[in-house]
Amino acid sequence: MPEFSPSEPLQTVGRSPLRKEGLAKVVGQAKYVDDLSLPGMWYGATVRSSVARGRIRSIEFGPDIPWHEFTIVTAADIPGENVIVHLAKDHPCLAATHVNHPDEPILLLAHPDRAILPAAVAAVRVQYEELPAVFTIDESEAPDAPAIWQDPAAPAKNTFKQYLMQCGDEASLDEIFASADFIVEGEYRTGAQEQLYIENNGIIAEFDREAGVKVQGAMQCPYYVVHALQLVFNLPAEKCRVIQTETGGAFGGKEDFPSVIASHAALLAMKAGRPVKICYDRAEDLAGTTKRHPSRSRHRTAVSRDGRLLGGTIEVALDGGAYLTLTSTVLSRATIHAPGPYHWPALRVVGKAMATNLPPHGAFRGFGAPQSIFGTERHMNKIARTIGLTPEELRRRNLLRVGDRTATGQLITDTVDMQQLLTRALQETNYHAKREEFARTNPGSTIKRGIGFATFFHGSGFTGSGERRLDSLVEIEITPEGQPCILVSSTEFGQGTNTILCQVAAEALQLPYAFVQIAQPDTARVPNSGPTVASRTAMIVGKLVERAAYSLRDTLLHSGLLPGDYTEQDFRTAALAYVAQHGPLKSSVRYQSPGDIFWDDQNYRGEAYPAYAWAVYVAEVAVDTTTYSATCTHFYALQEVGRVLHPVLAKGQIEGGVAQGIGYALYEKCVWQRGHMANNQMTNYIMPTSADLPPIEVAFEEVPSIHGPFGAKGIGELPMDGPAPAILNAIEEATGIECDEIPLLPEDLFARMAMPQENAR
């Protein structure tokens, strides 16, 4: 099989062809789930808990509703297990006897008239015996906290999961702290964040006693939904068909939750005997679905007088909400990214996830890394200030280099030069000159300006042995028209999956991009190529597409039907001739773990990821000391992501991620009232609009990686990691005030700037 060489001419990769699905979206032909209707279809709705934790005592149906017109589903109607399976079987499909968070689904209603459903939901009265609840990490881990999660295997009460990652031994770490010139401690917190995709969650379900369950709707991971339906309906996989419709954004929020809404719609369809659609409105979607995990990071670091990191301890704690969902894997990524792109002679990282009586937290772009990277990058600035170095110089003395090992013991072999990345970023932003200018002009101005940066990395693909366990499969088949068609379960929800995978196949086949097709993700047709998550689509699935394309091409070349120097028409003719002679032509390729990737799940050591993307982000801010509002006025993002497959899409990914990161840092706050999201509307969940965003400059370094197609690495999650710490580092430069919790709202700045001088450095 041919290997990629930078000297080969690139036909499609590195250019920016039109998106595969772009025209249909622009002209309004794309059909989202709420655009679809089936004959005889009814509409579904959910009756939810109004308390955080309690025992269900009774359910009453108000007398003013004609209940005989409705289909009503309770936990007793579930033919299989009353569970939504993610990583554990702790999450009820419908609450039967107890509720563990506000807005937990208790029963389902269906009716042919969608407009009647809200009144019916309101007419269902659920009586509870309320039980004590906890709502934060600190409350959950308190000695006198109620036990809302009890597992004999758990290390402590209310602990979903705990990881220990260590380099160096305990004794050496104790000695290092005893003899260090400086010991720097800090605590850093991040809040929940809503994905706020444009299209709310929605599913249409059908049920047939013989054929089984069929669902279609907005989602990231069709085979996750298959697995969930298998358990709820006690059916084999082949009787659980899942189709992804056009999906209007996801950001992780449609990774785990579609398993819930699909199970609910399918249960209603089964009992009603007709198709049922459930589409949440915005308020229900915000209140009842998963968010980014709130976090608390605690650092204790031993540092030499000349600014070398000698050793440290880091504790990363996540608020998992009421059920595990994907929390243990989010915690895994948070734990591994907590050391940052730095060399640690000795380090102990403890990651733990606590149960609370909030709705379950789940996947969100970055998947735990933004939380731990925020703490680490704020702490690096605190170390620099403590020992009298600039933030730049401290990092330069500790950044990983080729030949170093990460905190998991992984040898850095890919060519990476973080020193050069840092130099370029600071030069292109005039960092030093602006730092001097702001220091000179701030004292006489009510507008305090600052500039700050963050250095970080993000792993591409599933952590450790995850890709080996996924065992992903990709296929390319020849259509009746003689064209190659990619068959993958990787989904398009705005990020460009369809486009980049077709680019890769076109490049490998040396065919025009427009000639290559990609199938709609339908589990009755496409194989399981793994979930569309974890910065894995371009690198992992793209590499499989590249291999499958080469294999398909070689089959035709070796058959003698395809000449060596072929055109598009030659390929079509050869493909159709092959099918006529031999039957269907399909190339199938399964994931093969690289020979140098080994991971020890027991000791949390080894090669955590095949490759990392590396970045330096620089933010400028203005803090108005009259209104106490902080604004990001300019943002610069430099990243090394391997080969850039599609420059326009890549830039869009970075700009979008930075925008979300700015919201995470300065605007987006989930307001919880006894576990219920009180600001569950777009009028009071404040996010930055285009008018609130600064100019965002995007720059790339391209160092091709052997692990991705034509040298590409993952890119989607990376830009979520760096904005928040860069912005708060800049705010500290502007004001002299330590702010170590996000989101940082004007009232938070007022409290810190108006308080006594212990908050100022």
# chains A, B, ... in the order shown; residues from 1 in each chain; ligands from 1
>>> residues_around(residues="Thr446 of chain A", least_positions_apart="2", cutoff="8 Å", atoms="only C-alpha atoms", output="MDAnalysis selection string")
chainID A and resid 442 444 448 624:626
>>> residues_around(residues="segment 329-340 of chain A", least_positions_apart="6", cutoff="6 Å", atoms="only C-alpha atoms", output="NGL selection string")
:A and (351 or 367-369 or 372-373 or 456)
>>> write_last_selection(atoms="C-alpha atoms", output="CSV table (one decimal), in the first residue's frame")
chain,number,residue,atom,x,y,z
A,351,GLY,CA,-8.9,12.5,39.0
A,367,PHE,CA,-14.3,16.4,26.9
A,368,GLY,CA,-12.6,17.3,30.2
A,369,ALA,CA,-9.5,18.8,28.9
A,372,SER,CA,-8.0,20.7,33.7
A,373,ILE,CA,-6.1,22.9,31.2
A,456,PHE,CA,-1.4,23.5,25.6
>>> select_by_dssp(residues="segment 194-353 of chain A", states="strand (DSSP E or B)", output="ChimeraX atom specification")
/A:202-208,212-217,240-244,246,276-279,295-303,309-321,342,347-353
>>> closest_atom_pairs(of="segment 542-610 of chain A", to="segment 704-724 of chain A", cutoff="9 Å", atoms="only C-alpha atoms", output="tab-separated table")
residue	atom	partner	partner_atom	distance
A:Gly542	CA	A:Pro709	CA	5.6
A:Lys543	CA	A:Pro709	CA	4.5
A:Leu544	CA	A:Pro709	CA	8.0
A:Val545	CA	A:Pro709	CA	8.1
A:Glu546	CA	A:Pro709	CA	6.1
A:Arg547	CA	A:Pro709	CA	8.6
A:Pro594	CA	A:His707	CA	8.1
A:Pro610	CA	A:His707	CA	6.7
>>> closest_atom_pairs(of="segment 686-713 of chain A", to="segment 649-658 of chain A", cutoff="9 Å", atoms="only C-alpha atoms", output="JSON lines")
{"residue": "A:Ile696", "atom": "CA", "partner": "A:Glu655", "partner_atom": "CA", "distance": 6.5}
{"residue": "A:Glu697", "atom": "CA", "partner": "A:Glu655", "partner_atom": "CA", "distance": 8.2}
{"residue": "A:Val698", "atom": "CA", "partner": "A:Lys651", "partner_atom": "CA", "distance": 6.3}
{"residue": "A:Ala699", "atom": "CA", "partner": "A:Lys651", "partner_atom": "CA", "distance": 8.1}
{"residue": "A:Phe700", "atom": "CA", "partner": "A:Lys651", "partner_atom": "CA", "distance": 9.0}
>>> closest_atom_pairs(of="segment 651-696 of chain A", to="segment 260-281 of chain A", cutoff="12 Å", atoms="only C-alpha atoms", output="JSON lines")
{"residue": "A:Asn680", "atom": "CA", "partner": "A:Asp281", "partner_atom": "CA", "distance": 10.6}
{"residue": "A:Gln681", "atom": "CA", "partner": "A:Asp281", "partner_atom": "CA", "distance": 9.8}
{"residue": "A:Met682", "atom": "CA", "partner": "A:Asp281", "partner_atom": "CA", "distance": 11.3}
>>> residues_around(residues="Tyr664 of chain A", least_positions_apart="6", cutoff="9 Å", atoms="only C-alpha atoms", output="PyMOL selection string")
chain A and resi 190-193+687+720+723-724+742-744
>>> closest_residue(among="A:Glu492, A:Asp417, A:Asp596, A:Glu732", to="Lys20 of chain A", atoms="only C-alpha atoms")
A:Glu492
>>> atom_distance(atom1="atom CA of Arg298 of chain A", atom2="atom CA of Val184 of chain A")
10.7 Å
